[in-house]
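Enquirer: What follows is run04.txt; its format and atoms are compact mmCIF, C-alpha atoms.
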```txt
# COMPACT_ATOMS: atom_id res chain seq x y z
CA MET U 30 118.65 -93.04 117.54
CA MET U 31 118.01 -89.65 115.96
CA LYS U 32 116.76 -86.80 118.15
CA ILE U 33 114.98 -83.69 116.95
CA ARG U 34 115.16 -80.62 119.15
CA GLN U 35 114.03 -77.06 118.73
CA ALA U 36 116.96 -74.74 118.15
CA ASN U 37 117.76 -71.78 120.35
CA LEU U 38 118.69 -69.12 117.79
CA GLY U 39 121.17 -67.52 120.19
CA ASP U 40 123.02 -70.61 121.37
CA ASP U 41 122.65 -72.63 118.18
CA HIS U 42 123.39 -70.00 115.53
CA GLY U 43 126.81 -71.54 114.85
CA ILE U 44 125.33 -75.01 114.37
CA LEU U 45 122.53 -73.72 112.14
CA THR U 46 124.87 -71.64 110.01
CA SER U 47 127.33 -74.48 109.66
CA LEU U 48 124.62 -76.98 108.66
CA ALA U 49 123.10 -74.58 106.13
CA GLN U 50 126.49 -73.71 104.70
CA GLN U 51 127.51 -77.34 104.36
CA TYR U 52 124.30 -78.83 103.06
CA LEU U 53 122.25 -75.97 101.62
CA SER U 54 124.35 -73.25 100.05
CA ARG U 55 127.79 -71.76 100.48
CA HIS U 56 126.05 -68.36 100.67
CA ALA U 57 124.28 -69.39 103.88
CA ASP U 58 126.74 -67.49 106.07
CA GLU U 59 126.41 -65.57 109.35
CA ASN U 60 125.03 -62.50 107.56
CA ARG U 61 122.28 -64.54 105.97
CA PHE U 62 121.49 -66.17 109.29
CA ARG U 63 121.21 -62.83 111.09
CA TRP U 64 119.10 -61.35 108.31
CA LEU U 65 116.80 -64.33 107.72
CA TYR U 66 116.47 -65.83 111.17
CA ARG U 67 116.72 -62.84 113.47
CA GLU U 68 115.87 -59.61 111.66
CA ASN U 69 112.64 -60.58 109.89
CA PRO U 70 110.16 -57.82 110.84
CA PHE U 71 107.40 -60.43 111.17
CA GLY U 72 109.30 -62.31 113.86
CA GLU U 73 112.25 -64.59 114.38
CA ALA U 74 112.46 -67.91 112.60
CA GLN U 75 111.88 -71.15 114.44
CA ALA U 76 114.27 -73.96 113.65
CA TRP U 77 114.78 -77.61 114.50
CA ILE U 78 118.02 -79.55 114.62
CA ALA U 79 118.41 -83.31 114.11
CA CYS U 80 121.16 -84.90 116.22
CA ASP U 81 122.53 -88.42 115.94
CA ASP U 82 123.24 -90.74 118.86
CA LYS U 83 126.58 -88.97 119.47
CA ASP U 84 124.66 -85.65 119.70
CA GLU U 85 126.21 -84.47 116.47
CA ALA U 86 123.96 -82.11 114.47
CA VAL U 87 123.17 -83.72 111.12
CA GLY U 88 120.20 -81.78 109.78
CA MET U 89 117.94 -78.79 110.23
CA ALA U 90 114.69 -77.22 109.08
CA ALA U 91 112.93 -73.95 109.83
CA VAL U 92 109.76 -71.93 109.54
CA PHE U 93 109.89 -68.21 108.80
CA PRO U 94 107.00 -66.03 110.01
CA ARG U 95 104.93 -63.89 107.70
CA GLN U 96 102.00 -61.60 108.16
CA MET U 97 99.43 -62.37 105.52
CA TYR U 98 96.16 -61.00 104.29
CA ARG U 99 93.29 -63.43 104.30
CA GLU U 100 89.78 -62.28 103.46
CA GLY U 101 90.70 -58.70 104.20
CA THR U 102 92.26 -59.25 107.62
CA VAL U 103 95.86 -59.74 108.67
CA VAL U 104 96.71 -63.21 109.99
CA SER U 105 99.96 -64.85 111.01
CA GLY U 106 101.53 -67.20 108.50
CA CYS U 107 104.82 -68.87 107.81
CA VAL U 108 106.91 -70.28 105.01
CA LEU U 109 108.82 -73.53 105.52
CA GLY U 110 112.42 -73.70 104.41
CA ASP U 111 116.10 -74.44 104.93
CA LEU U 112 115.56 -78.18 105.32
CA CYS U 113 118.88 -79.91 104.84
CA VAL U 114 120.46 -83.15 106.00
CA SER U 115 123.99 -84.48 105.99
CA PRO U 116 124.58 -86.85 103.04
CA LYS U 117 125.51 -89.51 105.61
CA TYR U 118 121.90 -89.52 106.82
CA ARG U 119 120.01 -89.04 103.58
CA SER U 120 117.90 -92.11 104.08
CA VAL U 121 114.73 -89.99 104.30
CA GLY U 122 114.05 -90.74 107.96
CA VAL U 123 115.82 -87.62 109.25
CA ALA U 124 114.11 -85.38 106.70
CA LEU U 125 110.78 -86.93 107.62
CA GLN U 126 111.29 -86.25 111.31
CA LEU U 127 112.39 -82.66 110.66
CA GLN U 128 109.47 -82.06 108.35
CA ARG U 129 107.03 -83.42 110.90
CA SER U 130 108.39 -80.92 113.45
CA CYS U 131 107.97 -78.02 111.03
CA LEU U 132 104.49 -79.15 110.02
CA ALA U 133 103.40 -79.56 113.62
CA ARG U 134 104.40 -75.95 114.29
CA ALA U 135 103.00 -74.65 111.00
CA ARG U 136 99.67 -76.29 111.80
CA SER U 137 99.63 -75.20 115.43
CA GLY U 138 97.40 -72.37 116.53
CA GLU U 139 100.35 -70.03 116.11
CA PHE U 140 99.98 -69.79 112.31
CA ALA U 141 96.77 -69.51 110.34
CA ILE U 142 98.44 -70.07 106.97
CA ALA U 143 101.60 -71.87 105.90
CA TYR U 144 103.16 -72.55 102.54
CA ASP U 145 106.16 -74.23 101.01
CA PHE U 146 107.91 -74.60 97.68
CA PRO U 147 109.12 -78.19 98.00
CA SER U 148 111.84 -79.84 95.95
CA ASN U 149 111.02 -83.17 94.30
CA THR U 150 112.38 -85.09 97.28
CA MET U 151 110.41 -82.93 99.69
CA LEU U 152 107.32 -83.37 97.58
CA GLY U 153 107.78 -87.13 98.02
CA ILE U 154 107.93 -86.58 101.76
CA TYR U 155 104.79 -84.42 101.68
CA ARG U 156 102.98 -87.09 99.69
CA TYR U 157 104.14 -89.74 102.15
CA LEU U 158 102.64 -87.58 104.89
CA GLY U 159 99.37 -87.40 102.96
CA ILE U 160 99.76 -83.82 101.67
CA SER U 161 99.35 -83.03 97.97
CA PRO U 162 100.45 -79.89 96.13
CA SER U 163 97.98 -76.99 96.06
CA SER U 164 99.22 -75.55 92.82
CA LYS U 165 102.17 -75.12 90.50
CA PHE U 166 104.65 -72.32 90.44
CA VAL U 167 105.17 -71.61 86.75
CA ARG U 168 108.14 -69.70 85.40
CA TRP U 169 107.17 -67.31 82.63
CA VAL U 170 110.07 -66.11 80.54
CA LYS U 171 110.52 -63.55 77.81
CA PRO U 172 113.59 -63.21 75.59
CA LEU U 173 114.91 -59.65 75.35
CA ARG U 174 118.07 -60.10 73.31
CA ILE U 175 119.40 -63.11 71.49
CA ASP U 176 122.99 -62.13 70.68
CA HIS U 177 124.56 -65.12 72.39
CA LYS U 178 122.12 -67.65 71.00
CA ILE U 179 122.75 -66.39 67.48
CA GLU U 180 126.51 -66.46 68.07
CA ARG U 181 126.24 -70.10 69.05
CA ILE U 182 124.35 -70.93 65.86
CA PHE U 183 126.47 -68.71 63.56
CA PRO U 184 129.97 -68.52 65.07
CA GLY U 185 131.26 -65.91 62.58
CA ARG U 186 130.55 -62.32 63.58
CA THR U 187 129.96 -61.19 60.00
CA LEU U 188 126.81 -63.25 59.86
CA SER U 189 125.76 -63.35 63.52
CA ARG U 190 125.83 -59.59 64.16
CA PRO U 191 123.32 -58.47 61.52
CA ILE U 192 121.03 -61.40 62.30
CA ALA U 193 121.15 -60.67 66.05
CA ALA U 194 120.61 -56.95 65.44
CA THR U 195 117.55 -57.65 63.30
CA VAL U 196 116.01 -60.09 65.77
CA ASN U 197 116.82 -57.81 68.74
CA LEU U 198 115.13 -54.95 66.94
CA GLY U 199 112.07 -57.12 66.35
CA LEU U 200 111.96 -58.03 70.05
CA ALA U 201 112.36 -54.37 71.06
CA LEU U 202 109.58 -53.25 68.72
CA THR U 203 107.10 -55.47 70.53
CA GLU U 204 107.59 -53.19 73.57
CA ARG U 205 106.20 -50.21 71.69
CA ALA U 206 102.85 -51.78 71.03
CA SER U 207 100.93 -50.52 74.06
CA HIS U 208 100.55 -47.05 75.54
CA THR U 209 101.40 -45.84 78.99
CA PRO U 210 98.26 -44.69 80.82
CA PRO U 211 97.96 -40.88 81.03
CA GLY U 212 99.91 -39.29 83.85
CA VAL U 213 101.79 -42.51 84.70
CA HIS U 214 105.56 -42.43 84.89
CA PHE U 215 108.24 -44.92 85.93
CA ARG U 216 111.34 -44.58 87.98
CA LEU U 217 113.89 -46.76 89.74
CA ALA U 218 113.53 -46.32 93.50
CA GLU U 219 116.63 -45.02 95.19
CA GLY U 220 116.24 -46.12 98.78
CA PRO U 221 114.32 -48.13 101.35
CA CYS U 222 110.55 -48.33 101.11
CA THR U 223 108.48 -45.52 102.59
CA PRO U 224 105.08 -45.84 104.35
CA GLU U 225 103.28 -45.41 101.01
CA TYR U 226 104.18 -49.06 100.27
CA SER U 227 102.29 -50.10 103.41
CA GLU U 228 99.30 -48.05 102.25
CA LEU U 229 99.43 -49.75 98.84
CA ALA U 230 99.65 -53.17 100.53
CA ASP U 231 96.55 -52.36 102.60
CA ARG U 232 94.69 -51.05 99.58
CA VAL U 233 95.54 -53.84 97.15
CA GLY U 234 96.83 -56.76 99.18
CA SER U 235 93.72 -57.18 101.25
CA SER U 236 91.74 -57.92 98.09
CA SER U 237 94.33 -60.13 96.37
CA GLY U 238 93.53 -63.41 98.10
CA ILE U 239 95.97 -64.85 100.62
CA CYS U 240 99.19 -62.92 100.27
CA THR U 241 102.05 -61.48 102.27
CA VAL U 242 101.56 -58.07 103.88
CA ARG U 243 104.04 -56.17 101.71
CA ASN U 244 104.45 -53.28 104.09
CA SER U 245 107.44 -50.95 104.00
CA ASN U 246 109.27 -52.75 106.83
CA TYR U 247 108.92 -56.12 105.14
CA LEU U 248 109.95 -54.86 101.70
CA THR U 249 112.93 -52.96 103.08
CA TRP U 250 114.10 -56.02 104.97
CA ARG U 251 113.36 -58.53 102.22
CA TYR U 252 114.96 -56.60 99.37
CA TRP U 253 117.00 -53.57 100.40
CA GLN U 254 118.68 -55.35 103.30
CA HIS U 255 119.20 -58.70 101.60
CA PRO U 256 122.75 -59.79 102.47
CA SER U 257 123.79 -61.21 99.12
CA VAL U 258 121.35 -60.37 96.32
CA LYS U 259 120.96 -56.89 94.87
CA TYR U 260 117.33 -56.09 94.12
CA GLU U 261 115.96 -53.05 92.37
CA PHE U 262 112.52 -51.46 92.46
CA LEU U 263 110.96 -50.08 89.30
CA VAL U 264 108.04 -47.99 90.46
CA ALA U 265 104.94 -46.77 88.58
CA ARG U 266 103.35 -43.55 89.82
CA ARG U 267 100.50 -41.42 88.64
CA HIS U 268 101.78 -37.97 89.50
CA ASP U 269 102.94 -38.64 93.08
CA GLU U 270 100.73 -41.58 93.87
CA LEU U 271 102.35 -45.01 94.06
CA LEU U 272 100.40 -47.29 91.70
CA ALA U 273 102.52 -50.43 91.36
CA TYR U 274 106.06 -51.67 91.55
CA CYS U 275 108.21 -54.40 90.22
CA VAL U 276 111.16 -55.81 92.20
CA PHE U 277 113.80 -57.52 90.11
CA THR U 278 117.33 -58.82 90.23
CA THR U 279 119.79 -59.64 87.50
CA ALA U 280 122.32 -62.45 87.42
CA ASP U 281 124.59 -62.92 84.42
CA GLU U 282 122.32 -62.07 81.50
CA ASP U 283 119.01 -63.05 83.02
CA ALA U 284 116.65 -61.03 85.17
CA ILE U 285 114.05 -62.40 87.52
CA ILE U 286 111.01 -60.54 88.76
CA ALA U 287 110.57 -61.18 92.47
CA GLU U 288 107.51 -58.97 92.93
CA LEU U 289 104.94 -57.37 90.70
CA PHE U 290 102.52 -55.68 93.01
CA GLY U 291 100.00 -52.90 93.12
CA SER U 292 97.30 -51.91 90.70
CA MET U 293 95.82 -54.91 88.92
CA ASP U 294 94.88 -52.67 85.99
CA ASP U 295 96.11 -54.41 82.85
CA GLN U 296 97.34 -51.20 81.25
CA VAL U 297 99.43 -50.24 84.29
CA LEU U 298 100.90 -53.75 84.59
CA CYS U 299 101.64 -53.93 80.87
CA SER U 300 103.35 -50.56 80.77
CA LEU U 301 105.36 -51.29 83.92
CA LEU U 302 106.60 -54.60 82.52
CA GLN U 303 107.35 -53.01 79.17
CA GLU U 304 109.33 -50.29 80.88
CA LEU U 305 111.26 -52.98 82.72
CA GLY U 306 111.90 -54.75 79.41
CA ARG U 307 113.29 -51.54 77.89
CA LEU U 308 115.51 -50.92 80.92
CA LEU U 309 116.87 -54.47 80.94
CA ARG U 310 117.51 -54.42 77.21
CA THR U 311 119.70 -51.33 77.55
CA ARG U 312 121.71 -53.24 80.15
CA GLY U 313 122.27 -56.14 77.76
CA VAL U 314 120.03 -58.55 79.68
CA ALA U 315 119.02 -61.51 77.51
CA SER U 316 115.82 -62.66 79.22
CA VAL U 317 113.41 -61.84 82.02
CA SER U 318 111.53 -64.43 84.07
CA MET U 319 108.58 -64.18 86.38
CA PRO U 320 107.57 -67.21 88.45
CA ILE U 321 103.91 -67.10 89.58
CA LEU U 322 101.17 -69.54 90.52
CA GLU U 323 99.47 -71.09 87.53
CA GLU U 324 96.14 -69.57 88.63
CA ASP U 325 97.60 -66.06 88.92
CA PRO U 326 95.15 -63.60 87.30
CA ARG U 327 98.06 -61.73 85.70
CA SER U 328 99.05 -64.68 83.51
CA HIS U 329 97.15 -63.25 80.55
CA VAL U 330 99.13 -59.99 80.82
CA LEU U 331 102.39 -61.92 80.63
CA ARG U 332 101.16 -63.90 77.64
CA LYS U 333 100.07 -60.70 75.90
CA LEU U 334 103.55 -59.24 76.44
CA GLY U 335 105.29 -62.19 74.83
CA PHE U 336 106.18 -64.25 77.90
CA TRP U 337 106.20 -68.04 77.53
CA THR U 338 105.68 -70.66 80.19
CA ARG U 339 108.65 -72.81 81.09
CA GLU U 340 109.17 -75.29 83.94
CA ALA U 341 106.73 -75.59 86.82
CA ALA U 342 107.37 -76.55 90.43
CA PRO U 343 104.92 -77.65 93.12
CA VAL U 344 103.56 -75.31 95.78
CA ILE U 345 101.91 -76.41 98.98
CA GLY U 346 99.60 -74.15 100.95
CA PHE U 347 97.65 -75.09 104.03
CA ALA U 348 95.54 -73.51 106.70
CA ARG U 349 96.14 -75.79 109.68
CA GLU U 350 94.65 -79.14 108.62
CA SER U 351 93.04 -78.03 105.36
CA MET U 352 94.75 -77.35 102.05
CA VAL U 353 94.57 -73.92 100.42
CA PRO U 354 93.98 -74.02 96.66
CA GLY U 355 96.28 -72.02 94.42
CA SER U 356 93.36 -69.90 93.23
CA GLU U 357 93.13 -68.39 96.73
CA MET U 358 96.79 -67.43 97.02
CA LEU U 359 99.04 -64.80 95.49
CA LEU U 360 102.63 -66.01 95.68
CA MET U 361 105.63 -64.75 93.76
CA HIS U 362 109.34 -65.45 93.59
CA GLY U 363 109.96 -63.09 96.53
CA ASP U 364 107.80 -65.26 98.76
CA ARG U 365 110.40 -68.02 98.61
CA GLU U 366 112.93 -67.97 101.36
CA SER U 367 115.72 -70.39 100.63
CA MET X 4 102.17 -120.16 108.26
CA SER X 5 105.78 -120.63 109.41
CA GLY X 6 108.18 -117.72 109.74
CA MET X 7 110.24 -119.04 106.87
CA SER X 8 107.35 -119.26 104.42
CA GLU X 9 106.09 -115.82 105.52
CA ASN X 10 109.52 -114.44 104.75
CA LYS X 11 109.53 -116.18 101.38
CA ASP X 12 106.15 -114.70 100.60
CA ALA X 13 107.25 -111.19 101.65
CA THR X 14 110.43 -111.53 99.61
CA MET X 15 108.43 -112.51 96.55
CA ARG X 16 105.93 -109.68 96.89
CA ILE X 17 108.62 -107.07 97.52
CA ARG X 18 110.66 -108.37 94.59
CA LYS X 19 107.61 -108.12 92.33
CA PHE X 20 106.99 -104.52 93.45
CA VAL X 21 110.65 -103.53 93.03
CA LEU X 22 110.77 -104.95 89.51
CA GLN X 23 107.48 -103.31 88.59
CA LYS X 24 108.25 -99.91 90.05
CA PHE X 25 111.93 -99.34 89.35
CA PRO X 26 112.99 -99.65 85.69
CA LEU X 27 116.67 -99.90 86.62
CA ALA X 28 115.93 -102.94 88.75
CA ARG X 29 114.42 -104.66 85.70
CA ARG X 30 117.28 -103.65 83.41
CA ARG X 31 119.90 -104.88 85.86
CA ALA X 32 117.91 -107.95 86.83
CA VAL X 33 118.64 -107.32 90.50
CA THR X 34 118.89 -110.20 92.90
CA ASP X 35 117.45 -110.27 96.41
CA ASP X 36 120.79 -109.33 97.91
CA ASP X 37 121.87 -106.58 95.52
CA ASN X 38 122.25 -103.23 97.25
CA LEU X 39 119.52 -101.07 95.71
CA LEU X 40 120.57 -97.84 97.43
CA GLU X 41 124.29 -97.84 96.66
CA THR X 42 123.72 -98.85 93.04
CA GLY X 43 121.20 -96.05 92.55
CA VAL X 44 118.35 -98.40 91.65
CA VAL X 45 116.28 -96.83 94.43
CA ASP X 46 116.68 -93.20 95.57
CA SER X 47 115.20 -91.50 98.61
CA LEU X 48 111.85 -91.02 96.89
CA GLY X 49 111.90 -94.69 95.99
CA VAL X 50 112.43 -95.57 99.63
CA LEU X 51 109.24 -93.65 100.46
CA GLU X 52 107.38 -95.59 97.77
CA LEU X 53 108.72 -98.86 99.16
CA ALA X 54 107.66 -97.88 102.68
CA THR X 55 104.18 -96.96 101.46
CA PHE X 56 103.94 -100.28 99.64
CA MET X 57 105.09 -102.26 102.68
CA GLN X 58 102.61 -100.50 104.93
CA GLN X 59 99.69 -101.13 102.60
CA GLU X 60 100.66 -104.62 101.48
CA PHE X 61 101.62 -106.08 104.86
CA LEU X 62 99.59 -103.81 107.14
CA ILE X 63 102.62 -102.83 109.18
CA SER X 64 103.68 -99.40 110.33
CA VAL X 65 107.01 -97.90 109.33
CA ASP X 66 108.26 -95.31 111.82
CA ASP X 67 110.52 -92.44 110.84
CA GLU X 68 113.37 -94.13 112.71
CA ASP X 69 112.96 -97.23 110.52
CA PHE X 70 114.14 -95.36 107.42
CA THR X 71 117.70 -96.65 107.63
CA PRO X 72 119.86 -98.11 104.88
CA GLU X 73 119.96 -101.38 106.85
CA ASN X 74 116.21 -101.83 106.47
CA PHE X 75 115.93 -100.79 102.84
CA GLN X 76 119.23 -101.71 101.22
CA ASN X 77 117.98 -104.83 99.45
CA ILE X 78 114.96 -107.06 98.99
CA THR X 79 116.10 -109.51 101.65
CA SER X 80 116.52 -106.80 104.30
CA MET X 81 113.08 -105.37 103.50
CA ALA X 82 111.51 -108.81 103.79
CA ARG X 83 113.22 -109.30 107.16
CA PHE X 84 111.93 -105.92 108.27
CA VAL X 85 108.39 -106.91 107.26
CA GLU X 86 108.71 -110.24 109.04
CA ARG X 87 109.84 -108.55 112.27
CA HIS X 88 107.00 -106.06 112.13
CA VAL X 89 104.32 -108.59 111.24
CA GLU X 90 105.38 -110.52 114.35
CA LEU X 91 104.84 -107.35 116.38
CA GLN X 92 101.29 -106.79 115.08
CA PRO X 93 98.54 -107.51 117.60
CA GLY X 94 96.99 -110.90 116.90
CA SER X 95 99.82 -111.98 114.61
CA ALA X 96 100.73 -114.92 116.89
CA GLU X 97 97.30 -116.57 116.39
```
What do you get writing this file as structure tokens?
Expert:
Amino acid sequence: MMKIRQANLGDDHGILTSLAQQYLSRHADENRFRWLYRENPFGEAQAWIACDDKDEAVGMAAVFPRQMYREGTVVSGCVLGDLCVSPKYRSVGVALQLQRSCLARARSGEFAIAYDFPSNTMLGIYRYLGISPSSKFVRWVKPLRIDHKIERIFPGRTLSRPIAATVNLGLALTERASHTPPGVHFRLAEGPCTPEYSELADRVGSSSGICTVRNSNYLTWRYWQHPSVKYEFLVARRHDELLAYCVFTTADEDAIIAELFGSMDDQVLCSLLQELGRLLRTRGVASVSMPILEEDPRSHVLRKLGFWTREAAPVIGFARESMVPGSEMLLMHGDRES
Amino acid sequence: MSGMSENKDATMRIRKFVLQKFPLARRRAVTDDDNLLETGVVDSLGVLELATFMQQEFLISVDDEDFTPENFQNITSMARFVERHVELQPGSAE
């Protein structure tokens, strides 16, 4: 008989880390646990552990608190994550029981909003529990350089180099098409986020539908203090005023935009993304991706800049017993937890 | 209806659903005792679909604890599971 119990983050940190490391990711070490479960400025995570009849831990799941804007006010929310089960017990029942525990907490009075980015298996579990996806998380991608693709098609350098150079030049020229708004300049941030980010979150976030309160504490924790991924902030300012920022990370030759936040002015967004494109191109990055909800109002900006849609994944949002449509939420890659 | 004929009926209806729903089951012409989980004919999502089918078709409830390989490994074991749970339904002895 399987038992589900709420974890005590102090006593159970070894069990939780070991389960996550075995069944989720080898990067799920003690540092990640401390950062993700204990140091979140919006509150500690809540986790559940599944134990078999010998009291051996065989699975876990968690909810991670968030503060979120909803209709101009700040409410408590959470994102579900870290659900994993030993392969020995992957007969769905354990995952179902763990998910029910998470959902019960996410729908309790403690959280006004909850969301999840389920895998296909988890989506099956949600559907079994009578919950359908609210929206799709669509990955937009833009090629920046195509050296390697050309090299694969034309193995000889004599031919591949001039072709790649020509196509790369064509791709780079598309970045020169629009103008930076007067007085706006861009810079990579050099250190943790200052209170001006909280002011921007208050100014913009409260009118952006349901979204995370991107205050300076949250951003510093989420990105600057991340234990294993190096994020960078490209910031747009008009004179000294913070207008918008883009948080990105690069792995191999591909960059991913975790946040694009601030002014919703098309010209500011376009010029910020174009500046990012120029920066990434100088670093030899081959493509840049930005996953957003399919209803995201900035989709047309991405299309205009030459981004293409690629794969889509389900997103589930709910406010206690009712579902939240994608059109009411603003979620980005950085809102995912595991 | 006797227990044996109920079981035969459940076996037949589950077999029909399995063959309809899972292409690999059709291609391999699975028998009632073939292990559907170990052979990859049915994955964990498939188990959820089977459970949903069994609940709707036989008006039984499948608890989280019932999701074990023993209950879902083949058509025969699913039919036995249904038979046990139909017996437990209120009014099923009439």
Enquirer: Where does chain X meet chain U within 12 Å, residue by residue, with the nearest atom pair and distance in Å to one decimal for each, counting only C-alpha atoms, listed by chain and rising number, as JSON lines?
Expert:
```
{"residue": "X:Leu40", "atom": "CA", "partner": "U:Ser120", "partner_atom": "CA", "distance": 9.2}
{"residue": "X:Glu41", "atom": "CA", "partner": "U:Ser120", "partner_atom": "CA", "distance": 11.3}
{"residue": "X:Val45", "atom": "CA", "partner": "U:Ser120", "partner_atom": "CA", "distance": 10.9}
{"residue": "X:Asp46", "atom": "CA", "partner": "U:Ser120", "partner_atom": "CA", "distance": 8.7}
{"residue": "X:Ser47", "atom": "CA", "partner": "U:Val121", "partner_atom": "CA", "distance": 5.9}
{"residue": "X:Leu48", "atom": "CA", "partner": "U:Gly153", "partner_atom": "CA", "distance": 5.7}
{"residue": "X:Gly49", "atom": "CA", "partner": "U:Gly153", "partner_atom": "CA", "distance": 8.8}
{"residue": "X:Val50", "atom": "CA", "partner": "U:Val121", "partner_atom": "CA", "distance": 7.6}
{"residue": "X:Leu51", "atom": "CA", "partner": "U:Tyr157", "partner_atom": "CA", "distance": 6.6}
{"residue": "X:Glu52", "atom": "CA", "partner": "U:Tyr157", "partner_atom": "CA", "distance": 8.0}
{"residue": "X:Leu53", "atom": "CA", "partner": "U:Tyr157", "partner_atom": "CA", "distance": 10.6}
{"residue": "X:Ala54", "atom": "CA", "partner": "U:Tyr157", "partner_atom": "CA", "distance": 8.9}
{"residue": "X:Thr55", "atom": "CA", "partner": "U:Tyr157", "partner_atom": "CA", "distance": 7.3}
{"residue": "X:Phe56", "atom": "CA", "partner": "U:Tyr157", "partner_atom": "CA", "distance": 10.8}
{"residue": "X:Gln58", "atom": "CA", "partner": "U:Tyr157", "partner_atom": "CA", "distance": 11.2}
{"residue": "X:Val65", "atom": "CA", "partner": "U:Gly122", "partner_atom": "CA", "distance": 10.1}
{"residue": "X:Asp66", "atom": "CA", "partner": "U:Gly122", "partner_atom": "CA", "distance": 8.3}
{"residue": "X:Asp67", "atom": "CA", "partner": "U:Gly122", "partner_atom": "CA", "distance": 4.9}
{"residue": "X:Glu68", "atom": "CA", "partner": "U:Gly122", "partner_atom": "CA", "distance": 5.9}
{"residue": "X:Asp69", "atom": "CA", "partner": "U:Gly122", "partner_atom": "CA", "distance": 7.1}
{"residue": "X:Phe70", "atom": "CA", "partner": "U:Gly122", "partner_atom": "CA", "distance": 4.7}
{"residue": "X:Thr71", "atom": "CA", "partner": "U:Ser120", "partner_atom": "CA", "distance": 5.8}
{"residue": "X:Pro72", "atom": "CA", "partner": "U:Ser120", "partner_atom": "CA", "distance": 6.4}
{"residue": "X:Glu73", "atom": "CA", "partner": "U:Ser120", "partner_atom": "CA", "distance": 9.9}
{"residue": "X:Asn74", "atom": "CA", "partner": "U:Ser120", "partner_atom": "CA", "distance": 10.2}
{"residue": "X:Phe75", "atom": "CA", "partner": "U:Ser120", "partner_atom": "CA", "distance": 9.0}
{"residue": "X:Gln76", "atom": "CA", "partner": "U:Ser120", "partner_atom": "CA", "distance": 10.1}
```
Enquirer: Which polymer residues, whether protein, DNA or RNA, lie within 7 Å of the coordinate (103.9, -66.1, 80.4) when you count all atoms listed in the file? List them as a ChimeraX atom specification, using the chain letters and numbers from the file.
Expert: /U:169-170,328,331-332,335-338
Enquirer: Which of these residues is nearest to Ala82 of chain X, using all atoms listed in the file: X:Ile63, X:Arg31, X:Lys24, X:Val44?
Expert: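 Of X:Ile63, X:Arg31, X:Lys24, X:Val44, the one nearest Ala82 of chain X, counting all atoms listed in the file, is X:Ile63.
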Enquirer: For atom CA of Leu359 of chain U and atom CA of Pro326 of chain U, quote the distance in Å rounded to one decimal.
Expert: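 Separation of atom CA of Leu359 of chain U and atom CA of Pro326 of chain U: 9.1 Å.
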Enquirer: Using Å and a single decimal, report how far atom CA of Ser54 of chain U sits from atom CA of Asn246 of chain U.
Expert: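 So the two atoms, atom CA of Asn246 of chain U and atom CA of Ser54 of chain U, lie 26.3 Å apart.
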